[in-house]
Amino acid sequence: MTKNRLLTIITYAFLTFWALVVLFPFYWMVLTSVKDYGAYNAEYIPKFFTLSPTLQNYADAFTTVALGKYLLNTLIFTVGTTTLMLVVITLAAFAFARLQFVGRDIAFTLFLALMMIPNELVVITNFTTITNLELRNTFTGLILPSVTSVFYIYLLRENFAQIPDELYYAAKVDGTSDLRFLRKVMIPICRPTLITITILKIIECWNSYVWPRLITDDADYYLVSNGIQEIRENGFGRANIPAMMAAVVVISLPLVILFLLFRKQIMSGVARGGTKG
């Protein structure tokens, strides 16, 4: 018993230490964001606390630069992309899991092979296509290349495949259409996985950097990930680190809240997707 208790203490001590290491950058970000600009520059040795916190940096984040515009653009991009992607991957996963057609398994295997293609090659192809369609500096150009995902189709297809065939055949006998069976039976059963996919896609869209940076050079279409660079170069300046950190906190807060609210659904959805039978 003593050995097991000692092992438990060591394990929790290690986990606590590792949690502090992981959380420290977030603490430092928030701490810096509430420090006065003059007090921050006067610190020759960084201090791990402040006795005179201020929220002026947060006010500057919305008044000095167009942070509100960047947040609105990101919200439009995230909602539009996630909504369209859910429709596309749900229909695709249903087709691969339930519909019978010639070459289905071969097509699905080739589809999965797309995951082996480096993202850089896909970005180049997408950039050429969007440019030729004259969709640069538009929300359509931002959204279109992200409305599908091979991995999410695979994850959802595995969930759909776990639903007993008897339910599908019974529904067909009753005259239920495929679309109605998908909407009334499969989607409710696989709701945890769909919630997980939705949350992961929202996080992916919110953190998207390379594609928006390539396809937009108009500040009216900047997302928060691109706007933060604009803030650094043309907004607060390179020296006003506290104001920069305040902007970063504002940008990061929605994702932190989202994860805290739905962390159980994320874990259960991923675990469900990785379990067959």
# chains A, B, ... in the order shown; residues from 1 in each chain; ligands from 1
>>> residues_around(residues="A:Ile89", least_positions_apart="6", cutoff="10 Å", atoms="only C-alpha atoms", output="list in words")
Ala95, Val147, Thr148, Ser149, Val150, Phe151, Tyr152, Ile153, Tyr154, Leu155, Leu156 and Arg157 of chain A
>>> select_by_dssp(residues="stretch 127-208 of chain A", states="helix (DSSP H, G or I)", output="CSV table (one decimal) with N, CA and C atoms, in the first residue's frame")
chain,number,residue,atom,x,y,z
A,127,PHE,N,-4.6,28.1,-54.2
A,127,PHE,CA,-4.3,29.5,-54.5
A,127,PHE,C,-4.4,29.8,-55.9
A,128,THR,N,-4.0,28.9,-56.8
A,128,THR,CA,-4.1,29.1,-58.2
A,128,THR,C,-5.5,29.1,-58.7
A,129,THR,N,-6.3,28.2,-58.1
A,129,THR,CA,-7.7,28.1,-58.5
A,129,THR,C,-8.5,29.3,-58.1
A,130,ILE,N,-8.3,29.7,-56.8
A,130,ILE,CA,-9.1,30.9,-56.3
A,130,ILE,C,-8.6,32.2,-57.1
A,131,THR,N,-7.4,32.3,-57.4
A,131,THR,CA,-6.9,33.4,-58.1
A,131,THR,C,-7.5,33.5,-59.5
A,132,ASN,N,-7.5,32.3,-60.2
A,132,ASN,CA,-8.1,32.3,-61.5
A,132,ASN,C,-9.6,32.6,-61.5
A,139,PHE,N,-14.8,36.7,-49.0
A,139,PHE,CA,-15.1,35.6,-48.0
A,139,PHE,C,-15.3,34.3,-48.7
A,140,THR,N,-15.8,34.3,-50.0
A,140,THR,CA,-16.0,33.1,-50.7
A,140,THR,C,-14.6,32.4,-51.0
A,141,GLY,N,-13.7,33.2,-51.4
A,141,GLY,CA,-12.3,32.7,-51.6
A,141,GLY,C,-11.7,32.1,-50.3
A,142,LEU,N,-12.0,32.8,-49.2
A,142,LEU,CA,-11.5,32.3,-47.9
A,142,LEU,C,-12.1,31.0,-47.5
A,143,ILE,N,-13.4,30.8,-47.7
A,143,ILE,CA,-14.2,29.7,-47.2
A,143,ILE,C,-14.1,28.4,-48.1
A,144,LEU,N,-14.2,28.6,-49.4
A,144,LEU,CA,-14.3,27.4,-50.3
A,144,LEU,C,-13.3,26.3,-50.1
A,145,PRO,N,-12.0,26.6,-50.0
A,145,PRO,CA,-11.0,25.5,-49.9
A,145,PRO,C,-11.1,24.7,-48.6
A,146,SER,N,-11.9,25.2,-47.6
A,146,SER,CA,-11.9,24.6,-46.3
A,146,SER,C,-13.3,23.9,-46.0
A,150,VAL,N,-10.8,15.3,-45.3
A,150,VAL,CA,-10.7,13.8,-45.4
A,150,VAL,C,-10.8,13.2,-44.1
A,151,PHE,N,-10.1,13.7,-43.1
A,151,PHE,CA,-10.0,13.1,-41.8
A,151,PHE,C,-11.4,13.1,-41.1
A,152,TYR,N,-12.1,14.3,-41.2
A,152,TYR,CA,-13.4,14.3,-40.6
A,152,TYR,C,-14.4,13.4,-41.2
A,153,ILE,N,-14.3,13.2,-42.6
A,153,ILE,CA,-15.2,12.3,-43.3
A,153,ILE,C,-14.9,10.9,-42.8
A,154,TYR,N,-13.6,10.6,-42.6
A,154,TYR,CA,-13.2,9.2,-42.1
A,154,TYR,C,-13.7,9.0,-40.7
A,155,LEU,N,-13.6,10.0,-39.9
A,155,LEU,CA,-14.0,9.9,-38.5
A,155,LEU,C,-15.5,9.7,-38.4
A,156,LEU,N,-16.3,10.4,-39.2
A,156,LEU,CA,-17.7,10.3,-39.1
A,156,LEU,C,-18.2,9.1,-39.8
A,157,ARG,N,-17.5,8.7,-40.8
A,157,ARG,CA,-17.9,7.4,-41.5
A,157,ARG,C,-17.7,6.2,-40.6
A,158,GLU,N,-16.7,6.2,-39.8
A,158,GLU,CA,-16.5,5.1,-38.8
A,158,GLU,C,-17.6,5.1,-37.8
A,159,ASN,N,-18.1,6.2,-37.4
A,159,ASN,CA,-19.2,6.3,-36.5
A,159,ASN,C,-20.5,5.8,-37.1
A,160,PHE,N,-20.8,6.2,-38.3
A,160,PHE,CA,-21.9,5.8,-39.1
A,160,PHE,C,-21.9,4.2,-39.3
A,161,ALA,N,-20.7,3.7,-39.5
A,161,ALA,CA,-20.6,2.3,-39.8
A,161,ALA,C,-20.9,1.4,-38.5
A,165,ASP,N,-26.9,-2.4,-39.2
A,165,ASP,CA,-27.6,-2.5,-40.5
A,165,ASP,C,-29.1,-2.7,-40.4
A,166,GLU,N,-29.4,-3.4,-39.4
A,166,GLU,CA,-30.9,-3.8,-39.2
A,166,GLU,C,-31.7,-2.5,-39.1
A,167,LEU,N,-31.2,-1.5,-38.5
A,167,LEU,CA,-32.0,-0.2,-38.4
A,167,LEU,C,-32.2,0.4,-39.8
A,168,TYR,N,-31.2,0.3,-40.6
A,168,TYR,CA,-31.3,0.9,-41.9
A,168,TYR,C,-32.3,0.1,-42.8
A,169,TYR,N,-32.2,-1.2,-42.7
A,169,TYR,CA,-33.0,-2.1,-43.5
A,169,TYR,C,-34.5,-1.9,-43.1
A,170,ALA,N,-34.7,-1.9,-41.8
A,170,ALA,CA,-36.1,-1.7,-41.2
A,170,ALA,C,-36.7,-0.4,-41.7
A,171,ALA,N,-35.8,0.7,-41.7
A,171,ALA,CA,-36.3,2.0,-42.1
A,171,ALA,C,-36.7,2.0,-43.6
A,172,LYS,N,-35.9,1.2,-44.4
A,172,LYS,CA,-36.1,1.1,-45.9
A,172,LYS,C,-37.4,0.4,-46.1
A,173,VAL,N,-37.7,-0.7,-45.3
A,173,VAL,CA,-38.9,-1.4,-45.4
A,173,VAL,C,-40.1,-0.5,-45.1
A,178,ASP,N,-33.4,7.7,-47.7
A,178,ASP,CA,-32.0,7.8,-47.1
A,178,ASP,C,-31.8,9.1,-46.4
A,179,LEU,N,-32.2,10.2,-46.9
A,179,LEU,CA,-32.0,11.5,-46.3
A,179,LEU,C,-32.7,11.6,-45.0
A,180,ARG,N,-33.9,11.0,-44.9
A,180,ARG,CA,-34.7,11.1,-43.6
A,180,ARG,C,-34.1,10.2,-42.6
A,181,PHE,N,-33.6,9.0,-43.0
A,181,PHE,CA,-32.9,8.1,-42.1
A,181,PHE,C,-31.6,8.7,-41.5
A,182,LEU,N,-30.9,9.4,-42.4
A,182,LEU,CA,-29.7,10.1,-42.0
A,182,LEU,C,-30.1,11.2,-40.9
A,183,ARG,N,-31.1,11.9,-41.2
A,183,ARG,CA,-31.5,13.1,-40.3
A,183,ARG,C,-32.1,12.6,-39.0
A,184,LYS,N,-32.9,11.6,-39.1
A,184,LYS,CA,-33.7,11.2,-37.9
A,184,LYS,C,-33.0,10.1,-37.0
A,185,VAL,N,-32.1,9.3,-37.6
A,185,VAL,CA,-31.5,8.2,-36.9
A,185,VAL,C,-30.0,8.4,-36.7
A,186,MET,N,-29.3,8.6,-37.8
A,186,MET,CA,-27.8,8.5,-37.8
A,186,MET,C,-27.2,9.8,-37.1
A,187,ILE,N,-27.7,10.9,-37.5
A,187,ILE,CA,-27.2,12.2,-36.9
A,187,ILE,C,-27.4,12.2,-35.4
A,188,PRO,N,-28.7,11.9,-34.9
A,188,PRO,CA,-28.8,11.9,-33.4
A,188,PRO,C,-27.9,10.9,-32.7
A,189,ILE,N,-27.7,9.8,-33.3
A,189,ILE,CA,-26.9,8.8,-32.6
A,189,ILE,C,-25.5,9.2,-32.6
A,191,ARG,N,-24.3,12.3,-32.6
A,191,ARG,CA,-24.3,13.7,-32.2
A,191,ARG,C,-23.0,14.1,-31.5
A,192,PRO,N,-22.5,13.2,-30.5
A,192,PRO,CA,-21.2,13.6,-29.8
A,192,PRO,C,-20.0,13.8,-30.8
A,193,THR,N,-19.9,12.9,-31.8
A,193,THR,CA,-18.9,13.1,-32.8
A,193,THR,C,-19.0,14.3,-33.6
A,194,LEU,N,-20.3,14.6,-34.0
A,194,LEU,CA,-20.5,15.8,-34.8
A,194,LEU,C,-20.2,17.1,-34.0
A,195,ILE,N,-20.5,17.0,-32.7
A,195,ILE,CA,-20.1,18.2,-31.8
A,195,ILE,C,-18.6,18.3,-31.7
A,196,THR,N,-17.9,17.2,-31.6
A,196,THR,CA,-16.5,17.2,-31.6
A,196,THR,C,-15.9,17.8,-32.8
A,197,ILE,N,-16.4,17.3,-34.0
A,197,ILE,CA,-15.9,17.8,-35.3
A,197,ILE,C,-16.2,19.3,-35.4
A,198,THR,N,-17.4,19.7,-35.0
A,198,THR,CA,-17.7,21.2,-35.0
A,198,THR,C,-16.7,22.0,-34.2
A,199,ILE,N,-16.4,21.6,-33.0
A,199,ILE,CA,-15.5,22.3,-32.1
A,199,ILE,C,-14.1,22.4,-32.7
A,200,LEU,N,-13.7,21.2,-33.2
A,200,LEU,CA,-12.3,21.2,-33.7
A,200,LEU,C,-12.2,22.0,-35.0
A,201,LYS,N,-13.3,22.1,-35.8
A,201,LYS,CA,-13.2,22.9,-37.0
A,201,LYS,C,-13.3,24.4,-36.6
A,202,ILE,N,-14.0,24.7,-35.6
A,202,ILE,CA,-14.0,26.1,-35.1
A,202,ILE,C,-12.7,26.5,-34.7
A,203,ILE,N,-12.0,25.7,-33.9
A,203,ILE,CA,-10.6,26.0,-33.5
A,203,ILE,C,-9.7,26.1,-34.7
A,204,GLU,N,-9.8,25.2,-35.6
A,204,GLU,CA,-9.0,25.3,-36.8
A,204,GLU,C,-9.2,26.6,-37.6
A,205,CYS,N,-10.4,27.0,-37.8
A,205,CYS,CA,-10.7,28.2,-38.5
A,205,CYS,C,-10.2,29.4,-37.8
A,206,TRP,N,-10.4,29.4,-36.5
A,206,TRP,CA,-10.0,30.6,-35.7
A,206,TRP,C,-8.5,30.8,-35.7
>>> residues_around(residues="A:Phe62", least_positions_apart="5", cutoff="12 Å", atoms="only C-alpha atoms", output="PyMOL selection string")
chain A and resi 55-57+67-71+231+235-236+243-244+246-248+250-251
>>> write_last_selection(atoms="C-alpha atoms", output="compact mmCIF listing (two decimals), in the first residue's frame")
# COMPACT_ATOMS: atom_id res chain seq x y z
CA LEU A 55 -7.29 47.50 -18.28
CA GLN A 56 -6.17 50.37 -20.48
CA ASN A 57 -4.38 47.96 -22.80
CA LEU A 67 -9.56 44.41 -33.57
CA GLY A 68 -13.35 44.36 -33.57
CA LYS A 69 -13.36 44.15 -37.39
CA TYR A 70 -10.88 41.28 -37.32
CA LEU A 71 -13.04 39.42 -34.81
CA ILE A 231 -1.48 45.20 -35.20
CA GLY A 235 -0.96 49.46 -34.84
CA PHE A 236 0.67 49.50 -31.43
CA ALA A 243 -1.14 46.23 -25.66
CA MET A 244 -0.15 43.41 -27.99
CA ALA A 246 -4.13 42.38 -24.48
CA ALA A 247 -5.12 41.83 -28.11
CA VAL A 248 -3.85 38.25 -27.97
CA VAL A 250 -9.03 38.88 -26.45
CA ILE A 251 -8.39 36.70 -29.50
>>> residues_around(residues="A:Tyr222", least_positions_apart="3", cutoff="9 Å", atoms="only C-alpha atoms", output="PyMOL selection string")
chain A and resi 69-70+73-74+137+212-213+216-219+225-227+230
>>> write_last_selection(atoms="C-alpha atoms", output="JSON list (two decimals), in the first residue's frame")
[["chain", "number", "residue", "atom", "x", "y", "z"],
["A", 69, "LYS", "CA", -13.36, 44.15, -37.39],
["A", 70, "TYR", "CA", -10.88, 41.28, -37.32],
["A", 73, "ASN", "CA", -14.35, 38.70, -40.08],
["A", 74, "THR", "CA", -13.13, 35.63, -38.23],
["A", 137, "ASN", "CA", -10.05, 39.26, -51.04],
["A", 212, "PRO", "CA", -5.90, 33.81, -45.17],
["A", 213, "ARG", "CA", -2.45, 35.37, -45.39],
["A", 216, "THR", "CA", -6.08, 38.35, -48.69],
["A", 217, "ASP", "CA", -4.03, 41.53, -48.85],
["A", 218, "ASP", "CA", -6.95, 43.81, -48.00],
["A", 219, "ALA", "CA", -7.26, 44.71, -44.32],
["A", 225, "SER", "CA", -4.52, 35.51, -36.97],
["A", 226, "ASN", "CA", -3.46, 37.87, -39.76],
["A", 227, "GLY", "CA", -4.69, 40.99, -38.03],
["A", 230, "GLU", "CA", -0.97, 44.02, -38.76]]
>>> atom_distance(atom1="atom CA of A:Ser52", atom2="atom CA of A:Met245")
16.7 Å
>>> closest_residue(among="A:Ile228, A:Ala42, A:Ile124, A:Val79", to="A:Ser252", atoms="only C-alpha atoms")
A:Ile228
>>> residues_around(residues="A:Pro46", least_positions_apart="3", cutoff="12 Å", atoms="only C-alpha atoms", output="number ranges by chain")
A: 28, 31-32, 35, 39-43, 49-50
>>> atom_distance(atom1="atom CA of A:Gly175", atom2="atom CA of A:Gln100")
17.5 Å
